Structures are given as structure tokens and as C-alpha cells.
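The structure appears right after this line, and notes come after that.
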Amino acid sequence: MLTQPKSVSFDLGGGREVFIETGKLARQADGAVTIRQGKNIILATVVANKEPKEGQSFFPLSVDYQEKFASAGRIPGSFFKREARLNDYEVLTSRLVDRALRPLFPEDYLCEVQVLITLVSSDEEILPDALACLAASAAFAVSDIPIKEIISEVRLARIDGEFKVNPTRQEMENADMDFIIAATEKNLMMVEGEAKECSEEDLVKALELAHNAIRVQIKAQQQLRELVGITGKRDYTKPEENEALRDVVKSFAKDKVYAIAKSALSKHERSDKFHEIRDELIDSLGEDADDLQKQLAKKYFGELEWEVVRTMILEDRVRLDGRTLDQVRPLAMEVDPLPTPHGSALFTRGETQSLTTVTLGTPLDELLIETAATSHESKFFLHYNFPPFSTGEIKMMRGPGRREVGHGNLAMRSLKQMMPGNEYAYTVRVVSDILESNGSSSMATVCAGSLALMDAGVPIPKHVSGVAMGLITREDGKYAILTDILGDEDHLGDMDFKVTGTREGICGVQMDIKVDGLSMEVMREALEQARIGRLHILDAMYECIPAHREDVKPHAPRMLKLIIDKEFIGAVIGPGGKIIQEIQKETGTTINIEEVGNFGEVSIFSSDKTGAEKALQWVKGIVAVPQVDEVYEATVKSIQPYGAFVEFLPKKEGLLHISEVSWKRLENLEGVLKEGDKIKVKLIGIDHKTGKFKLSRKALTPKPDFNKPRQESRSSDNQPQ
């Protein structure tokens, strides 16, 4: 028997209605809903295994967001003409949902959960990424999967000074703040976005407004859940526990763990010491201990390590590497460490290091960014690489994972705020290779990227730096905010909060919160501490390179730009591209022509300045309109009995008749002109029937008076005596 679909709706503001429906599609999933706004429809399904896999020790959650090209009436451009692996945009949207949902599952829930979110109908103006988490949460809400709370996400942007929830694609073109924010009814869970140097207080205001909008969406999900009749959550098998063994572990290792945590050791030294204690602990259990006891002992040791280090930071106000709570690790940085790239920088902060390069390319190197609804080219992009040796590990080298895509995107969005506009002809690629990692390699990428861009001569007006913040809290209200967190502090903390920006304001934010009840007062304090840390790093960066280089490196492509009338574009390109190909071949340049309104933008790129200038003059000659009575620098191309053909503009030749060479009558041009001579000529006429040009050289010299008698000059020595 078919079930009757059930739906609820809510208003986003301004009469924008959003509908949530369940019971019609994908009914065999544990939970399935569609979210509809305008023509935009998203289908979300959730399925969870009833039992965890044997030996499972972590929570296996997977979230995939995918856009069907059919949703926008398009066919994929790949060879197979079907949707393949997720593109970067889909990966980033998947991460936004994953990071918001993951902390909401019980810590002892280890059953595999899969969330699939699919855009099945696209609206030109509605941005679907802001609705993806709402769809996923609603699917959980109508299921019996034991997620602890209902959640939702919204986009909060500031457009022309006004904040708006989930603005349209067109409205976003004028936004100077763009944040995706996830929250439960009581707590913020995730923040990601960018801004054009907004203040810390502006960010707090955006978070408050977003939270109010999220509460409306949570209420709608609760109504749908009641309509469906879901009253409880399924039971699940919990991992086996052994409290007596937990006490043994605590008694054996607590003081030893504290001593190592307080020793301010390096990452690998500390890790080795902890492993030694853990091995001693396992040995102390004796030969009678079975595999389960050993596995539980390792688990309890990890929990003890987490508890001891957090307590040390809260009570002693000292950290694993001996720093104070607000202290940034030692900084070292240099620009131009590599001779061949167009720009490069090496940035080291403690045990985290990024070697970043900048490559300047032509418009032909632009990156195609394609979603179901849009397709556009990007002139600035950043790639982030995290090889396994950066953490002293061995792993298979495959393509970039979701983490790499996410970290690279945060750095790219931050640096993008300072990049020049479309008037800058270069395509710019930044590549960050992480050589060492112990906390916040994405923030090292931002700093190294800013240094490398200035080294490359890219005209960014200010440096951008970033710092990762941490938070440790306790039920009694005590908390500690940590500046420039280590990898271990990220793992054991309650918040990972990355903030990038200039001296004037915030450019990028990425925040994940793992604890309930984070107040706005604590948020303000964390933002202020992050600002101080960011300024400390910026001071060191300005000492390294205070401003962008005035010119690109000698081996970087030179760029010249010429604006021509639209009607001349075809003449420069030539039939079948013949002319532009000839120019590029003869001058060793790359030429790109783009039609902008009633004009054409001609961009000329070459590693050789002479070649670029030659190509520029060539194009100028093609688009120049010869003017009668104008004087031109010409080159003799050929000699004929009746005169000489000269090139007075690139690819424009005219006849210099023998009668126009000199005021004196000439029988031929032998001894007067030869091929290759550079002469000045005047355009004295254009034959309107044939289009031929008439040139004169004698018109540039005074006409002699042939009627004036010649005066003979004689020496006094020759006078008759």
C-alpha cells in the first residue's frame, strides 16, 4: 500500500517558501526527504546499518552531495557523458554537511551511516549548497537513526550593507560577506566563509542572525517528524566496556602521561614516549590478557591521555610544547627560495612548513569551474598538497582527498580577497606543498601564498595571514582559548577555529565546534585572541617582504594589453586564425583576444620583452587607420624600375614612386635606396577605388629653387694675377 506523502513549509523571508516533503520518493531508505524552493529540488536519503562491523573502532559516516546535470537540462561534457567522481564544488558541499552532522552522533555509535544528497532539479537563481544540510537533517528527523539533535544550515551574506539569509545567485555578486553556518536549536556547530575584511563584531552579528533563521528550519523539521509519527530512536549495540580495566589503566598511566605532557617535547618525541607507556601498560596486563582486553586498554589509554592533557591546560595554563595559551610558535620565512618559479616562498611556523609557488599564465590557462547550473572560468586558483612524509608516515599517493580540497579552498578564498580584478590579465596558480605538519597547515598555506604572490609581482595591496585557534572547556565553566594549535590540541580540543585576514579585517573563517553551549562572549574572546595572533604573524611577513615587487621576474611571461575597436577583432584574428597565428609564430608570443562590450581586449604574453613589443606594434599596425598627411617610419621592401614598395605600418605597404623620392629627377634608384633601408615617408593620398597608398619622401624636404643662379665659389689662390 502506498503511503501518503507528508509535507511542511516555512518562510525564508520575503515570501520565499521552502517545502519539505517525505513519503513519496526513496521509501526504502531509513529516511528520505525532498527540499523544494522555486524550481530547485534536492533529494536526501539516509541509511544506517543495524549493527557495527566486527572490530569497528571508529564511526564510519559518509556524506556525498552530487548535482545531476539533467537537473539543469544539460549533458555532462566528459567522454562518457555521465556524472563521474564528485567535482571540487560537490566535495566542498559534502564537507559542509559532514562537519555539521558528525558531532551529533553518540560517541558509542559505530554503525556505518551513509548520507546521499542529490540535486534533481536546478533553479538558475537558488544556490543549492545552502539547502543541502537542511535536506540531510530532515531525512534523519523522519528516520529512527539515533542522531542526538536536529540541525540545519543557512547562507548568511551581507549585500549593500544589509544581511540576508540564502540570497540569490545574482545578489551574491554584490556580497562582501559570505558565510555558511550550521547550528542546532541551542548551539553553533560549523562556520565556513569569506569576507572583504569584515570586523570581528560583524562576524558575530552574522552568526546571531543565521542562528535565528536556523531555529525556524529546525521547528519545521520537528513538525514533519511529528506528522510522520517518529517517536523514538532505534537501539544499537554498544561497544563492550570494562570499568575495572579502566581503573587499572588510570592507576598505571595517569602520572606518567602527565609527566610527558608537561615536558614540552617535540611532536615525534612526545608520540614515542606515549607509545612506550602504552606498550608497558599492555605488557603489565600479563600473558593471560586476551585481544579484547588489550584493545580496550589501548582505548582507555587514549581517553586518559585526552583527559590528562586537557586538565593540564585548564589548570596549569601551559601547553604540550610549553607555550602560553596565546603564544604563536617561532616563525621563519623567506621569499624566492626557488630560482625558476615565477614566485615562491617558504613559511615555517613551529613544526608546520609550506613551500608555495606562484605561476603566471595566460587567459588560455584559466580553470573551468562547472556545476549543474553554471559554467565559468577562474583566473585565480590554489592547489594544496599534503604528502605523507609531512607527518612522517607512509601512504599510497593518490589524488587529492577531501581534506586537501577543503584546506586549499579556505586558503584560496582568503587570498582571493586581495587579488586584483579582471583588469589583471594574468591567470594565477598558487600551489602549496606541505613539507611538515603539526597543526594548521592550511593557515601556513595562506601565509606562504601571500608571500609568494608578492614575490611574483602580483599587485596584491596587503598581506593576508591566518591562525588556527582551539578551545578547551569543562562542565564547571572553566575554559582555555589556544592560539596557533598543534595537531594534538586540535584532536583533544572542543573547537577548531581558523581565522584569516589582513591588519584591517577578516578574509576567511572555518570553524568546527564539538561542544554544547558555546556563548557569544567566548566567541568574541576567541576572535579577539585570533586577531592578535594574526597581527603578530603579519608583522613578521611585512618584515620579510613589505610590498609586491614592481615587476614580474625576468623569466616570467610579460604581459601587454591593447584595447581595440570591436570591428577590428576579425582583422587581427584573420581568416581561420591565420593572422594571429602568424603573429604568435613570428614573435614567440601568446595572444588572447576577448570581446568586452564594444571593444576588444588584446592581451599579449611572452617571456621575451622584445617579442611582446613587436607583437604589440604588429597588432597596432593592423588596427591603425592610415591618415593622409601623417608621417611614418617605413622599411623598404622591394625596388622596382618605377619606384620602391615600402612598409609604413605592420602589413601595410604603399608605393613610393621614383618621382616622389627626391626633388631631383632620377633615372633609377640605384645608389639611392636599397631593400631594408629605414626611411621616413608621408602619406599623400589613398586611391579610394583600389585602396592603394601613395607615399612621398621628397614632401618631407624643402623644395629647392631651381631658377636661382648657381654661385661658384673660387679660392683666392685661383684668381688671375
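Just so we're on the same page: first chain in the C-alpha cells is A, next is B, and so on; residues restart at 1 for each chain, and ligands are numbered from 1 in the order they show up.
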- Message: Which residues are near Val572 (chain A)? Cut-off 8 Å, only C-alpha atoms, ignore same chain within fewer than 4 positions. Put them as an MDAnalysis selection string.
- Response: chainID A and resid 568 579:580 619 622:623
- Task: Please return as number ranges by chain: the residues of region 535-635 of chain A that backbone DSSP assigns to helix (DSSP H, G or I).
- Result: A: 535-544, 566-573, 575-587, 609-623
- Nearest to Ile260 (chain A): which of A:Cys198, A:Ile218, A:Ala244, A:Ile277 is it, counting only C-alpha atoms? A:Ile277
- Find the spatial neighbours of region 679-683 of chain A, counting only C-alpha atoms, within a cut-off of 9 Å - ignore same-chain residues fewer than 2 positions away - and output them as a PyMOL selection string. chain A and resi 626-636+646+648+654+656+677+685-686+693-700
- Could you tell me, as number ranges by chain, which residues of region 254-400 of chain A DSSP assigns to strand (DSSP E) when given the backbone? A: 331-335, 343-349, 352-361, 367-370, 375-378, 380-385
- Leaving out Lys186 (chain A) and any residue of its chain fewer than 5 positions from it, which residues lie within 12 Å of it when counting only C-alpha atoms, given as a ChimeraX atom specification? /A:149-152,208,211-212,214-215,218,515-520
- Residue with smallest distance to Pro128 (chain A) - pool A:Tyr109, A:Tyr236, A:Tyr65, A:Phe79, counting only C-alpha atoms: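 Of all the options, A:Tyr65 lies closest to Pro128 (chain A).
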- Query: Which residues, written as a list in words, have at least one atom at most 10 Å from Leu410 (chain A), with only C-alpha atoms counted and residues fewer than 2 positions away on the same chain left out?
  - Reply: Glu192, Gly193, Glu194, Leu382, Val405, Gly406, His407, Gly408, Met412, Arg413, Ser414, Leu415, Lys416, Ser442, Met443, Thr445, Val446, Lys498, Val499, Thr500, Cys507, Gly508, Val509 and Gln510 of chain A
- Message: Quick one: residues within 6 Å of region 119-122 of chain A, only C-alpha atoms, excluding same-chain residues fewer than 5 positions away - as a ChimeraX atom specification?
- Response: /A:40-42,67-68,71-72
Could you write out that same residue set with N, CA and C atoms as a PDB file, in the first residue's frame?
ATOM      1  N   ASN A  40      14.025  24.619  -7.586  1.00  0.00           N
ATOM      2  CA  ASN A  40      15.130  23.848  -7.002  1.00  0.00           C
ATOM      3  C   ASN A  40      14.579  22.710  -6.135  1.00  0.00           C
ATOM      4  N   ILE A  41      14.990  21.469  -6.443  1.00  0.00           N
ATOM      5  CA  ILE A  41      14.558  20.310  -5.655  1.00  0.00           C
ATOM      6  C   ILE A  41      15.787  19.469  -5.305  1.00  0.00           C
ATOM      7  N   ILE A  42      15.936  19.178  -4.022  1.00  0.00           N
ATOM      8  CA  ILE A  42      17.030  18.339  -3.527  1.00  0.00           C
ATOM      9  C   ILE A  42      16.433  17.104  -2.881  1.00  0.00           C
ATOM     10  N   GLU A  67      25.325  16.824  -7.985  1.00  0.00           N
ATOM     11  CA  GLU A  67      24.375  17.545  -8.827  1.00  0.00           C
ATOM     12  C   GLU A  67      24.212  16.802 -10.147  1.00  0.00           C
ATOM     13  N   LYS A  68      22.992  16.395 -10.460  1.00  0.00           N
ATOM     14  CA  LYS A  68      22.700  15.764 -11.737  1.00  0.00           C
ATOM     15  C   LYS A  68      22.633  16.846 -12.820  1.00  0.00           C
ATOM     16  N   SER A  71      19.375  18.031 -14.051  1.00  0.00           N
ATOM     17  CA  SER A  71      18.603  18.967 -13.232  1.00  0.00           C
ATOM     18  C   SER A  71      18.563  20.358 -13.846  1.00  0.00           C
ATOM     19  N   ALA A  72      19.568  20.667 -14.672  1.00  0.00           N
ATOM     20  CA  ALA A  72      19.609  21.964 -15.347  1.00  0.00           C
ATOM     21  C   ALA A  72      19.456  21.814 -16.864  1.00  0.00           C
TER      22      ALA A  72
END
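Interatomic distance, CA of Arg169 (chain A) to CA of Asp123 (chain A): 9.8 Å.
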- Message: Would you compute the distance between CA of Ala136 (chain A) and CA of Asn174 (chain A)? Give it in Å to one decimal.
- Response: 29.2 Å
Which residues of region 137-224 of chain A come within 12 Å of region 20-31 of chain A, and for each one, what is the closest pair of atoms and their distance in Å to one decimal, counting only C-alpha atoms, sorted by chain and residue number, as JSON lines?
{"residue": "A:Ser137", "atom": "CA", "partner": "A:Gly31", "partner_atom": "CA", "distance": 9.7}
{"residue": "A:Ala138", "atom": "CA", "partner": "A:Ile20", "partner_atom": "CA", "distance": 7.8}
{"residue": "A:Ala139", "atom": "CA", "partner": "A:Gly31", "partner_atom": "CA", "distance": 4.7}
{"residue": "A:Phe140", "atom": "CA", "partner": "A:Gly31", "partner_atom": "CA", "distance": 5.9}
{"residue": "A:Ala141", "atom": "CA", "partner": "A:Gly31", "partner_atom": "CA", "distance": 7.7}
{"residue": "A:Val142", "atom": "CA", "partner": "A:Gly31", "partner_atom": "CA", "distance": 5.6}
{"residue": "A:Ser143", "atom": "CA", "partner": "A:Gly31", "partner_atom": "CA", "distance": 4.7}
{"residue": "A:Asp144", "atom": "CA", "partner": "A:Asp30", "partner_atom": "CA", "distance": 7.3}
{"residue": "A:Ile145", "atom": "CA", "partner": "A:Asp30", "partner_atom": "CA", "distance": 7.6}
{"residue": "A:Pro146", "atom": "CA", "partner": "A:Asp30", "partner_atom": "CA", "distance": 11.4}
{"residue": "A:Gln217", "atom": "CA", "partner": "A:Ile20", "partner_atom": "CA", "distance": 9.9}
{"residue": "A:Ile218", "atom": "CA", "partner": "A:Ile20", "partner_atom": "CA", "distance": 11.5}
{"residue": "A:Lys219", "atom": "CA", "partner": "A:Ile20", "partner_atom": "CA", "distance": 11.8}
{"residue": "A:Ala220", "atom": "CA", "partner": "A:Ile20", "partner_atom": "CA", "distance": 8.2}
{"residue": "A:Gln221", "atom": "CA", "partner": "A:Ile20", "partner_atom": "CA", "distance": 7.9}
{"residue": "A:Gln222", "atom": "CA", "partner": "A:Ile20", "partner_atom": "CA", "distance": 11.2}
{"residue": "A:Gln223", "atom": "CA", "partner": "A:Ile20", "partner_atom": "CA", "distance": 10.3}
{"residue": "A:Leu224", "atom": "CA", "partner": "A:Ile20", "partner_atom": "CA", "distance": 7.8}
Using only all heavy atoms, please write the residues we just selected to a file, as a compact mmCIF listing (two decimals), in the first residue's frame.
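Once written, out29.txt looks like this:
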# COMPACT_ATOMS: atom_id res chain seq x y z
N SER A 137 19.49 16.72 7.37
CA SER A 137 18.96 16.68 8.73
C SER A 137 17.49 16.27 8.74
O SER A 137 17.05 15.50 9.61
CB SER A 137 19.12 18.06 9.38
OG SER A 137 18.57 18.07 10.69
N ALA A 138 16.72 16.75 7.76
CA ALA A 138 15.31 16.38 7.70
C ALA A 138 15.15 14.89 7.43
O ALA A 138 14.23 14.25 7.96
CB ALA A 138 14.61 17.20 6.61
N ALA A 139 16.04 14.32 6.62
CA ALA A 139 16.00 12.87 6.38
C ALA A 139 16.27 12.10 7.66
O ALA A 139 15.64 11.06 7.93
CB ALA A 139 17.01 12.51 5.29
N PHE A 140 17.21 12.58 8.48
CA PHE A 140 17.45 11.94 9.78
C PHE A 140 16.25 12.12 10.70
O PHE A 140 15.90 11.22 11.47
CB PHE A 140 18.70 12.53 10.43
CG PHE A 140 19.99 11.93 9.96
CD1 PHE A 140 20.91 12.69 9.24
CD2 PHE A 140 20.29 10.60 10.22
CE1 PHE A 140 22.10 12.14 8.79
CE2 PHE A 140 21.49 10.05 9.78
CZ PHE A 140 22.39 10.82 9.06
N ALA A 141 15.61 13.30 10.62
CA ALA A 141 14.49 13.59 11.51
C ALA A 141 13.32 12.64 11.29
O ALA A 141 12.58 12.32 12.24
CB ALA A 141 14.04 15.04 11.32
N VAL A 142 13.11 12.15 10.05
CA VAL A 142 11.99 11.24 9.78
C VAL A 142 12.43 9.79 9.81
O VAL A 142 11.71 8.91 9.34
CB VAL A 142 11.34 11.58 8.41
CG1 VAL A 142 10.77 12.99 8.44
CG2 VAL A 142 12.34 11.42 7.27
N SER A 143 13.64 9.55 10.34
CA SER A 143 14.14 8.18 10.49
C SER A 143 14.29 7.85 11.97
O SER A 143 14.11 8.71 12.83
CB SER A 143 15.50 8.03 9.80
OG SER A 143 16.53 8.58 10.60
N ASP A 144 14.64 6.59 12.24
CA ASP A 144 14.89 6.20 13.64
C ASP A 144 16.39 6.07 13.92
O ASP A 144 16.78 5.49 14.94
CB ASP A 144 14.16 4.91 13.98
CG ASP A 144 14.67 3.71 13.17
OD1 ASP A 144 15.44 3.93 12.20
OD2 ASP A 144 14.28 2.57 13.49
N ILE A 145 17.23 6.59 13.03
CA ILE A 145 18.68 6.57 13.25
C ILE A 145 18.98 7.46 14.45
O ILE A 145 18.50 8.60 14.52
CB ILE A 145 19.42 7.06 11.99
CG1 ILE A 145 19.14 6.11 10.82
CG2 ILE A 145 20.92 7.16 12.25
CD1 ILE A 145 19.69 6.60 9.49
N PRO A 146 19.79 6.99 15.40
CA PRO A 146 19.94 7.70 16.68
C PRO A 146 20.86 8.92 16.64
O PRO A 146 21.88 8.98 17.34
CB PRO A 146 20.50 6.61 17.60
CG PRO A 146 21.28 5.72 16.70
CD PRO A 146 20.48 5.68 15.41
N GLN A 217 13.96 26.71 10.72
CA GLN A 217 14.07 25.49 9.91
C GLN A 217 14.02 24.24 10.79
O GLN A 217 13.46 23.22 10.39
CB GLN A 217 15.36 25.53 9.09
CG GLN A 217 15.42 26.72 8.15
CD GLN A 217 16.64 26.70 7.25
OE1 GLN A 217 17.36 25.71 7.19
NE2 GLN A 217 16.87 27.79 6.54
N ILE A 218 14.59 24.32 11.98
CA ILE A 218 14.54 23.19 12.91
C ILE A 218 13.11 22.93 13.36
O ILE A 218 12.66 21.77 13.45
CB ILE A 218 15.47 23.46 14.11
CG1 ILE A 218 16.94 23.42 13.65
CG2 ILE A 218 15.22 22.45 15.23
CD1 ILE A 218 17.93 23.83 14.72
N LYS A 219 12.37 23.99 13.61
CA LYS A 219 10.97 23.85 14.02
C LYS A 219 10.16 23.15 12.93
O LYS A 219 9.32 22.28 13.21
CB LYS A 219 10.38 25.22 14.33
CG LYS A 219 8.96 25.16 14.87
CD LYS A 219 8.46 26.55 15.24
CE LYS A 219 7.02 26.49 15.79
NZ LYS A 219 6.51 27.84 16.14
N ALA A 220 10.41 23.48 11.66
CA ALA A 220 9.70 22.84 10.55
C ALA A 220 10.03 21.35 10.49
O ALA A 220 9.14 20.51 10.24
CB ALA A 220 10.06 23.53 9.24
N GLN A 221 11.29 20.99 10.74
CA GLN A 221 11.67 19.57 10.74
C GLN A 221 10.99 18.82 11.89
O GLN A 221 10.58 17.66 11.73
CB GLN A 221 13.19 19.44 10.86
CG GLN A 221 13.96 19.98 9.67
CD GLN A 221 15.46 19.86 9.87
OE1 GLN A 221 16.00 18.76 9.97
NE2 GLN A 221 16.13 21.00 9.95
N GLN A 222 10.88 19.47 13.03
CA GLN A 222 10.19 18.84 14.16
C GLN A 222 8.72 18.59 13.83
O GLN A 222 8.16 17.55 14.18
CB GLN A 222 10.32 19.73 15.40
CG GLN A 222 11.74 19.80 15.95
CD GLN A 222 11.91 20.87 17.02
OE1 GLN A 222 11.13 21.82 17.08
NE2 GLN A 222 12.94 20.73 17.85
N GLN A 223 8.09 19.52 13.12
CA GLN A 223 6.69 19.36 12.72
C GLN A 223 6.54 18.18 11.75
O GLN A 223 5.59 17.38 11.86
CB GLN A 223 6.18 20.64 12.06
CG GLN A 223 6.05 21.82 13.02
CD GLN A 223 5.75 23.12 12.30
OE1 GLN A 223 5.79 23.20 11.07
NE2 GLN A 223 5.43 24.16 13.07
N LEU A 224 7.48 18.07 10.81
CA LEU A 224 7.43 16.96 9.86
C LEU A 224 7.62 15.63 10.59
O LEU A 224 6.94 14.64 10.27
CB LEU A 224 8.50 17.15 8.79
CG LEU A 224 8.53 16.09 7.69
CD1 LEU A 224 7.25 16.12 6.87
CD2 LEU A 224 9.74 16.28 6.78
Go through region 365-424 of chain A and flag each residue having an atom no more than 10 Å from region 333-357 of chain A; for those, report the closest pair of atoms plus their distance in Å to one decimal, using only C-alpha atoms, ordered by chain and rising number, as CSV.
residue,atom,partner,partner_atom,distance
A:Leu382,CA,A:Thr357,CA,9.9
A:His383,CA,A:Thr356,CA,9.7
A:Tyr384,CA,A:Thr356,CA,9.1
A:Asn385,CA,A:Ser354,CA,9.6
A:Phe386,CA,A:Ser354,CA,9.7
A:Ser390,CA,A:Thr352,CA,8.5
A:Thr391,CA,A:Thr352,CA,9.5
